[in-house]
Amino acid sequence: AEDTGRSISLQHLLVVEGKNGPVVIKHWGQIWKYEDHRTLNYEGGNTWLPVTHTNAEVEGTWTQFVTQVDESPRYKAFGVWVHAANTSIWTSRLSTRPLPRREYTKRNDYDLLMATNRHVITPEGWVHQQENRKLVSREGKRKFLCMETGLNHYRRVSDETSKEGFKLAETKWNQTRAFWGQVRNCWNKVIADADKPVRYALMVDGNRLMSEINVLARKAEKGEVIERVAIRDVLTKFLR
């Protein structure tokens with residue numbers, strides 16, 4: 001985690017049981033920024049439209065930018081924190097995002113989610129609430145397929161077994177965090193410099209973006225220094 005006062009970065013890591021013991025898997029990331037002037041609208045077709053907001057629109061707001069496993073964008077929206085009693089609640093503006101992995105690997109009957117996010121900070125951790133509308137947007141027509149409510153609980157734990165997992169995850173992350181920071185910076189530059197929607201191909205020459213980024217990540221894990229130009233070359237190959 002990184003906290004500068006106006007920007008907070010969090011990286012989610014999973015520790016799961018593998019054939020030869022615990023395995024650390026990089027998961028999604030989230031970057032929070034105070035009075036950020038840029039958000040992203042997902043347009044469908046693996047395309048994100050950067051949207052610039054006025055000072056009046058962003059006053060007192062925080063954006064939440066959620067990145068996918070390969071640091072490509074997933075969604076970015078702004079909202080306001082409300083602090084009352086012993087809780088703090090952030091509610092986003094309505095935003096659009098791609099199908100989650102659990103959906104796009106199994107179905108293709110809708111094209112994007114229109115969502116409102118809510119994060120509730122509690123003494124034990126935080127609760128993530130989602131109100132998702134599944135939108136079909138095809139052949140010039142748009143209709144909602146259904147509405148879905150999501151609920152995730154995150155609780156602080158401190159038992160000995162968890163401590164072992166935390167230590168393993170921290171060790172693994174320290175081996176590659178500089179590399180993934182460069183990947184994120186490259187994506188941030190792509191989005192910041194964009195004068196048109198940002199789109200990337202799912203597959204190029206039979207490979208996914210995540211596969212090619214992971215090749216570099218494994219080298220970084222072994223101590224090899226990965227130059228930023230190598231990361232840019234991979235992104236350029238997939239950007240359209």
# chains A, B, ... in the order shown; residues from 1 in each chain; ligands from 1
$ residues_around --residues "Glu124 in chain A" --least-positions-apart "3" --cutoff "10 Å" --atoms "only C-alpha atoms" --output "PyMOL selection string"
chain A and resi 121+127+153-157
$ write_last_selection --atoms "C-alpha atoms" --output "tab-separated table (two decimals), in the first residue's frame"
chain	number	residue	atom	x	y	z
A	121	ILE	CA	-15.31	1.23	6.32
A	127	VAL	CA	-17.62	-3.91	3.04
A	153	HIS	CA	-16.59	-8.49	3.18
A	154	TYR	CA	-12.95	-7.73	3.97
A	155	ARG	CA	-11.91	-8.35	7.59
A	156	ARG	CA	-8.57	-7.83	9.30
A	157	VAL	CA	-7.16	-11.13	10.57
$ closest_atom_pairs --of "range 138-172 of chain A" --to "range 26-31 of chain A" --cutoff "12 Å" --atoms "only C-alpha atoms" --output "JSON lines"
{"residue": "A:Ala169", "atom": "CA", "partner": "A:Lys26", "partner_atom": "CA", "distance": 9.2}
{"residue": "A:Glu170", "atom": "CA", "partner": "A:Lys26", "partner_atom": "CA", "distance": 11.2}
{"residue": "A:Lys172", "atom": "CA", "partner": "A:Lys26", "partner_atom": "CA", "distance": 9.5}
$ atom_distance --atom1 "CA of Ile191 in chain A" --atom2 "CA of Gln130 in chain A"
25.2 Å
$ select_by_dssp --residues "range 98-191 of chain A" --states "alpha helix (DSSP H)" --output "PyMOL selection string"
chain A and resi 101-104+160-191
$ residues_around --residues "range 34-41 of chain A" --least-positions-apart "3" --cutoff "6 Å" --atoms "only C-alpha atoms" --output "list in words"
Arg6, Trp48, Leu49, Pro50, Val51, Thr52, His53, Val58, Glu59, Thr61, Trp62, Lys76, Ala77 and Thr96 of chain A
$ residues_around --residues "Leu209 in chain A" --least-positions-apart "4" --cutoff "8 Å" --atoms "only C-alpha atoms" --output "ChimeraX atom specification"
/A:70,202-204,213,234-235,238
$ write_last_selection --atoms "N, CA and C atoms" --output "CSV table (one decimal), in the first residue's frame"
chain,number,residue,atom,x,y,z
A,70,ASP,N,-3.3,-7.6,-15.2
A,70,ASP,CA,-2.2,-7.2,-16.0
A,70,ASP,C,-2.0,-5.7,-16.0
A,202,LEU,N,-7.7,-8.3,-27.5
A,202,LEU,CA,-7.6,-9.4,-26.5
A,202,LEU,C,-6.5,-10.4,-26.8
A,203,MET,N,-6.3,-10.7,-28.1
A,203,MET,CA,-5.3,-11.6,-28.6
A,203,MET,C,-4.5,-11.0,-29.7
A,204,VAL,N,-3.2,-11.2,-29.7
A,204,VAL,CA,-2.3,-10.9,-30.8
A,204,VAL,C,-1.3,-12.0,-31.0
A,213,ILE,N,2.9,-10.0,-20.6
A,213,ILE,CA,3.4,-9.2,-19.5
A,213,ILE,C,4.0,-10.2,-18.4
A,234,VAL,N,5.4,-4.1,-25.5
A,234,VAL,CA,4.3,-5.0,-25.3
A,234,VAL,C,2.9,-4.3,-25.4
A,235,LEU,N,2.7,-3.2,-24.7
A,235,LEU,CA,1.5,-2.5,-24.8
A,235,LEU,C,1.2,-2.0,-26.2
A,238,PHE,N,-0.5,-4.4,-28.5
A,238,PHE,CA,-1.9,-4.8,-28.2
A,238,PHE,C,-2.8,-3.6,-28.4
$ closest_residue --among "A:Lys134, A:Asn152, A:His12, A:Glu224" --to "Val24 in chain A" --atoms "only C-alpha atoms"
A:His12
$ closest_residue --among "A:Val120, A:Leu135, A:Leu13, A:Ile25" --to "Trp81 in chain A" --atoms "only C-alpha atoms"
A:Val120
$ select_by_dssp --residues "range 46-238 of chain A" --states "strand (DSSP E or B)" --output "tab-separated table (two decimals) with N, CA and C atoms, in the first residue's frame"
chain	number	residue	atom	x	y	z
A	47	THR	N	-12.96	-1.21	-25.01
A	47	THR	CA	-12.66	0.19	-25.30
A	47	THR	C	-13.07	1.07	-24.12
A	48	TRP	N	-12.15	1.96	-23.71
A	48	TRP	CA	-12.40	2.89	-22.60
A	48	TRP	C	-12.29	4.32	-23.09
A	49	LEU	N	-13.25	5.15	-22.74
A	49	LEU	CA	-13.25	6.55	-23.13
A	49	LEU	C	-12.83	7.41	-21.94
A	50	PRO	N	-11.66	8.09	-22.01
A	50	PRO	CA	-11.27	9.01	-20.94
A	50	PRO	C	-12.20	10.22	-20.93
A	51	VAL	N	-12.66	10.61	-19.75
A	51	VAL	CA	-13.57	11.74	-19.59
A	51	VAL	C	-12.93	12.75	-18.64
A	52	THR	N	-12.86	14.01	-19.06
A	52	THR	CA	-12.27	15.07	-18.24
A	52	THR	C	-13.38	15.85	-17.54
A	62	TRP	N	-13.26	11.71	-4.49
A	62	TRP	CA	-12.16	10.77	-4.69
A	62	TRP	C	-12.52	9.84	-5.84
A	63	THR	N	-11.56	9.58	-6.72
A	63	THR	CA	-11.77	8.55	-7.74
A	63	THR	C	-11.24	7.23	-7.24
A	64	GLN	N	-11.90	6.16	-7.66
A	64	GLN	CA	-11.37	4.81	-7.47
A	64	GLN	C	-11.09	4.24	-8.85
A	65	PHE	N	-9.82	3.94	-9.11
A	65	PHE	CA	-9.40	3.36	-10.38
A	65	PHE	C	-9.02	1.91	-10.12
A	66	VAL	N	-9.79	0.99	-10.65
A	66	VAL	CA	-9.53	-0.44	-10.46
A	66	VAL	C	-8.83	-0.99	-11.70
A	67	THR	N	-7.70	-1.65	-11.47
A	67	THR	CA	-6.92	-2.23	-12.56
A	67	THR	C	-7.05	-3.74	-12.56
A	73	PRO	N	-6.78	-1.15	-17.57
A	73	PRO	CA	-7.91	-0.56	-16.84
A	73	PRO	C	-9.10	-1.50	-16.75
A	74	ARG	N	-9.82	-1.40	-15.65
A	74	ARG	CA	-11.10	-2.08	-15.52
A	74	ARG	C	-12.21	-1.03	-15.40
A	75	TYR	N	-12.14	-0.19	-14.37
A	75	TYR	CA	-13.09	0.92	-14.29
A	75	TYR	C	-12.51	2.03	-13.43
A	76	LYS	N	-13.03	3.22	-13.62
A	76	LYS	CA	-12.60	4.38	-12.83
A	76	LYS	C	-13.78	5.34	-12.72
A	77	ALA	N	-14.18	5.62	-11.48
A	77	ALA	CA	-15.31	6.51	-11.24
A	77	ALA	C	-15.02	7.36	-10.02
A	78	PHE	N	-15.73	8.48	-9.90
A	78	PHE	CA	-15.52	9.30	-8.71
A	78	PHE	C	-16.78	9.32	-7.84
A	79	GLY	N	-16.55	9.62	-6.57
A	79	GLY	CA	-17.64	9.68	-5.61
A	79	GLY	C	-17.21	10.46	-4.39
A	80	VAL	N	-18.07	10.49	-3.39
A	80	VAL	CA	-17.83	11.29	-2.19
A	80	VAL	C	-17.85	10.40	-0.95
A	81	TRP	N	-16.90	10.65	-0.06
A	81	TRP	CA	-16.89	9.98	1.24
A	81	TRP	C	-17.79	10.74	2.22
A	82	VAL	N	-18.57	9.99	2.98
A	82	VAL	CA	-19.39	10.55	4.05
A	82	VAL	C	-18.96	9.88	5.35
A	83	HIS	N	-18.57	10.68	6.32
A	83	HIS	CA	-18.08	10.16	7.60
A	83	HIS	C	-19.11	10.47	8.68
A	84	ALA	N	-19.62	9.40	9.33
A	84	ALA	CA	-20.63	9.58	10.37
A	84	ALA	C	-20.51	8.45	11.38
A	87	THR	N	-18.41	4.92	11.12
A	87	THR	CA	-18.23	4.39	9.77
A	87	THR	C	-17.93	5.53	8.79
A	88	SER	N	-17.31	5.13	7.68
A	88	SER	CA	-17.08	6.05	6.56
A	88	SER	C	-17.59	5.34	5.31
A	89	ILE	N	-18.36	6.04	4.49
A	89	ILE	CA	-18.98	5.43	3.31
A	89	ILE	C	-18.67	6.25	2.07
A	90	TRP	N	-18.16	5.56	1.04
A	90	TRP	CA	-17.92	6.18	-0.26
A	90	TRP	C	-18.90	5.59	-1.26
A	91	THR	N	-19.60	6.45	-1.98
A	91	THR	CA	-20.54	6.00	-3.00
A	91	THR	C	-20.16	6.62	-4.33
A	92	SER	N	-20.03	5.78	-5.35
A	92	SER	CA	-19.59	6.26	-6.66
A	92	SER	C	-20.75	6.81	-7.47
A	95	SER	N	-21.23	4.27	-13.20
A	95	SER	CA	-20.12	4.10	-14.15
A	95	SER	C	-20.30	2.80	-14.92
A	96	THR	N	-19.50	2.64	-15.96
A	96	THR	CA	-19.57	1.43	-16.78
A	96	THR	C	-18.27	0.66	-16.69
A	97	ARG	N	-18.36	-0.66	-16.85
A	97	ARG	CA	-17.18	-1.51	-16.74
A	97	ARG	C	-17.38	-2.80	-17.53
A	112	LEU	N	-21.76	-5.07	-21.16
A	112	LEU	CA	-21.07	-4.28	-20.13
A	112	LEU	C	-21.96	-4.15	-18.90
A	113	LEU	N	-21.34	-3.70	-17.82
A	113	LEU	CA	-22.06	-3.44	-16.58
A	113	LEU	C	-22.19	-1.94	-16.36
A	114	MET	N	-23.37	-1.51	-15.95
A	114	MET	CA	-23.54	-0.15	-15.42
A	114	MET	C	-23.65	-0.32	-13.91
A	115	ALA	N	-22.74	0.32	-13.18
A	115	ALA	CA	-22.62	-0.02	-11.76
A	115	ALA	C	-22.51	1.20	-10.86
A	116	THR	N	-23.00	1.01	-9.65
A	116	THR	CA	-22.75	1.94	-8.56
A	116	THR	C	-22.01	1.17	-7.48
A	117	ASN	N	-20.87	1.69	-7.06
A	117	ASN	CA	-20.04	1.06	-6.04
A	117	ASN	C	-20.22	1.76	-4.71
A	118	ARG	N	-20.15	0.98	-3.65
A	118	ARG	CA	-20.19	1.58	-2.31
A	118	ARG	C	-19.20	0.84	-1.42
A	119	HIS	N	-18.33	1.62	-0.76
A	119	HIS	CA	-17.38	1.04	0.19
A	119	HIS	C	-17.71	1.58	1.58
A	120	VAL	N	-17.90	0.67	2.51
A	120	VAL	CA	-18.24	1.02	3.89
A	120	VAL	C	-17.09	0.59	4.80
A	121	ILE	N	-16.40	1.54	5.40
A	121	ILE	CA	-15.31	1.23	6.32
A	121	ILE	C	-15.89	0.97	7.70
A	122	THR	N	-15.52	-0.16	8.30
A	122	THR	CA	-15.99	-0.53	9.63
A	122	THR	C	-14.80	-0.75	10.55
A	125	GLY	N	-12.84	-3.79	9.24
A	125	GLY	CA	-12.32	-3.84	7.87
A	125	GLY	C	-13.17	-2.97	6.96
A	126	TRP	N	-13.66	-3.57	5.86
A	126	TRP	CA	-14.59	-2.81	5.03
A	126	TRP	C	-15.51	-3.74	4.26
A	127	VAL	N	-16.63	-3.18	3.82
A	127	VAL	CA	-17.62	-3.91	3.04
A	127	VAL	C	-17.75	-3.25	1.69
A	128	HIS	N	-17.73	-4.05	0.63
A	128	HIS	CA	-17.87	-3.56	-0.74
A	128	HIS	C	-19.23	-3.99	-1.26
A	129	GLN	N	-20.07	-3.01	-1.57
A	129	GLN	CA	-21.40	-3.27	-2.11
A	129	GLN	C	-21.44	-2.81	-3.57
A	130	GLN	N	-22.08	-3.62	-4.42
A	130	GLN	CA	-22.20	-3.28	-5.84
A	130	GLN	C	-23.66	-3.40	-6.29
A	131	GLU	N	-24.10	-2.43	-7.05
A	131	GLU	CA	-25.40	-2.51	-7.71
A	131	GLU	C	-25.11	-2.49	-9.21
A	132	ASN	N	-25.24	-3.64	-9.84
A	132	ASN	CA	-24.85	-3.81	-11.24
A	132	ASN	C	-26.06	-4.05	-12.14
A	133	ARG	N	-26.13	-3.32	-13.23
A	133	ARG	CA	-27.13	-3.59	-14.26
A	133	ARG	C	-26.42	-4.11	-15.49
A	134	LYS	N	-26.85	-5.27	-15.97
A	134	LYS	CA	-26.19	-5.91	-17.11
A	134	LYS	C	-26.83	-5.40	-18.40
A	135	LEU	N	-26.01	-4.72	-19.19
A	135	LEU	CA	-26.51	-4.01	-20.37
A	135	LEU	C	-26.14	-4.74	-21.66
A	136	VAL	N	-27.15	-4.95	-22.50
A	136	VAL	CA	-26.94	-5.46	-23.85
A	136	VAL	C	-26.88	-4.24	-24.78
A	137	SER	N	-25.77	-4.08	-25.50
A	137	SER	CA	-25.60	-2.94	-26.40
A	137	SER	C	-25.10	-3.45	-27.74
A	138	ARG	N	-26.04	-3.74	-28.65
A	138	ARG	CA	-25.70	-4.36	-29.93
A	138	ARG	C	-26.62	-3.87	-31.04
A	141	LYS	N	-28.95	-1.03	-30.57
A	141	LYS	CA	-29.99	-1.11	-29.56
A	141	LYS	C	-29.38	-1.39	-28.20
A	142	ARG	N	-30.02	-0.85	-27.17
A	142	ARG	CA	-29.55	-1.05	-25.80
A	142	ARG	C	-30.72	-1.48	-24.92
A	143	LYS	N	-30.48	-2.50	-24.12
A	143	LYS	CA	-31.50	-2.93	-23.16
A	143	LYS	C	-30.81	-3.60	-21.97
A	144	PHE	N	-31.47	-3.53	-20.82
A	144	PHE	CA	-30.93	-4.17	-19.62
A	144	PHE	C	-31.42	-5.61	-19.55
A	145	LEU	N	-30.49	-6.48	-19.26
A	145	LEU	CA	-30.81	-7.90	-19.15
A	145	LEU	C	-31.34	-8.22	-17.75
A	146	CYS	N	-30.66	-7.70	-16.73
A	146	CYS	CA	-31.08	-7.94	-15.36
A	146	CYS	C	-30.27	-7.04	-14.43
A	147	MET	N	-30.60	-7.09	-13.15
A	147	MET	CA	-29.86	-6.34	-12.14
A	147	MET	C	-29.26	-7.33	-11.15
A	148	GLU	N	-28.06	-7.01	-10.69
A	148	GLU	CA	-27.34	-7.90	-9.78
A	148	GLU	C	-26.81	-7.08	-8.61
A	149	THR	N	-26.87	-7.65	-7.43
A	149	THR	CA	-26.30	-7.03	-6.24
A	149	THR	C	-25.12	-7.85	-5.76
A	150	GLY	N	-23.99	-7.18	-5.54
A	150	GLY	CA	-22.79	-7.87	-5.07
A	150	GLY	C	-22.43	-7.41	-3.67
A	151	LEU	N	-21.87	-8.33	-2.87
A	151	LEU	CA	-21.49	-7.99	-1.50
A	151	LEU	C	-20.22	-8.77	-1.13
A	152	ASN	N	-19.17	-8.02	-0.81
A	152	ASN	CA	-17.91	-8.63	-0.38
A	152	ASN	C	-17.50	-8.05	0.96
A	153	HIS	N	-17.07	-8.92	1.86
A	153	HIS	CA	-16.59	-8.49	3.18
A	153	HIS	C	-15.08	-8.67	3.25
A	154	TYR	N	-14.39	-7.66	3.73
A	154	TYR	CA	-12.95	-7.73	3.97
A	154	TYR	C	-12.72	-7.48	5.46
A	155	ARG	N	-12.13	-8.47	6.14
A	155	ARG	CA	-11.91	-8.35	7.59
A	155	ARG	C	-10.43	-8.51	7.92
A	198	VAL	N	-9.39	4.54	-25.64
A	198	VAL	CA	-8.28	3.59	-25.48
A	198	VAL	C	-8.83	2.19	-25.69
A	199	ARG	N	-8.24	1.48	-26.63
A	199	ARG	CA	-8.70	0.12	-26.94
A	199	ARG	C	-7.50	-0.79	-27.12
A	200	TYR	N	-7.62	-2.01	-26.64
A	200	TYR	CA	-6.56	-2.98	-26.91
A	200	TYR	C	-7.16	-4.32	-27.31
A	203	MET	N	-6.30	-10.65	-28.14
A	203	MET	CA	-5.28	-11.61	-28.57
A	203	MET	C	-4.47	-11.02	-29.71
A	204	VAL	N	-3.16	-11.24	-29.68
A	204	VAL	CA	-2.27	-10.87	-30.78
A	204	VAL	C	-1.32	-12.03	-31.01
A	207	ASN	N	-1.49	-14.82	-28.52
A	207	ASN	CA	-1.14	-14.57	-27.12
A	207	ASN	C	-2.02	-13.49	-26.52
A	208	ARG	N	-2.33	-13.62	-25.24
A	208	ARG	CA	-3.03	-12.59	-24.50
A	208	ARG	C	-2.03	-11.60	-23.91
$ residues_around --residues "Thr4 in chain A" --least-positions-apart "2" --cutoff "12 Å" --atoms "only C-alpha atoms" --output "list in words"
Ala1, Glu2, Arg6, Ser7, Ile8, Ser9, Ile31, Trp32, Lys33 and Tyr34 of chain A
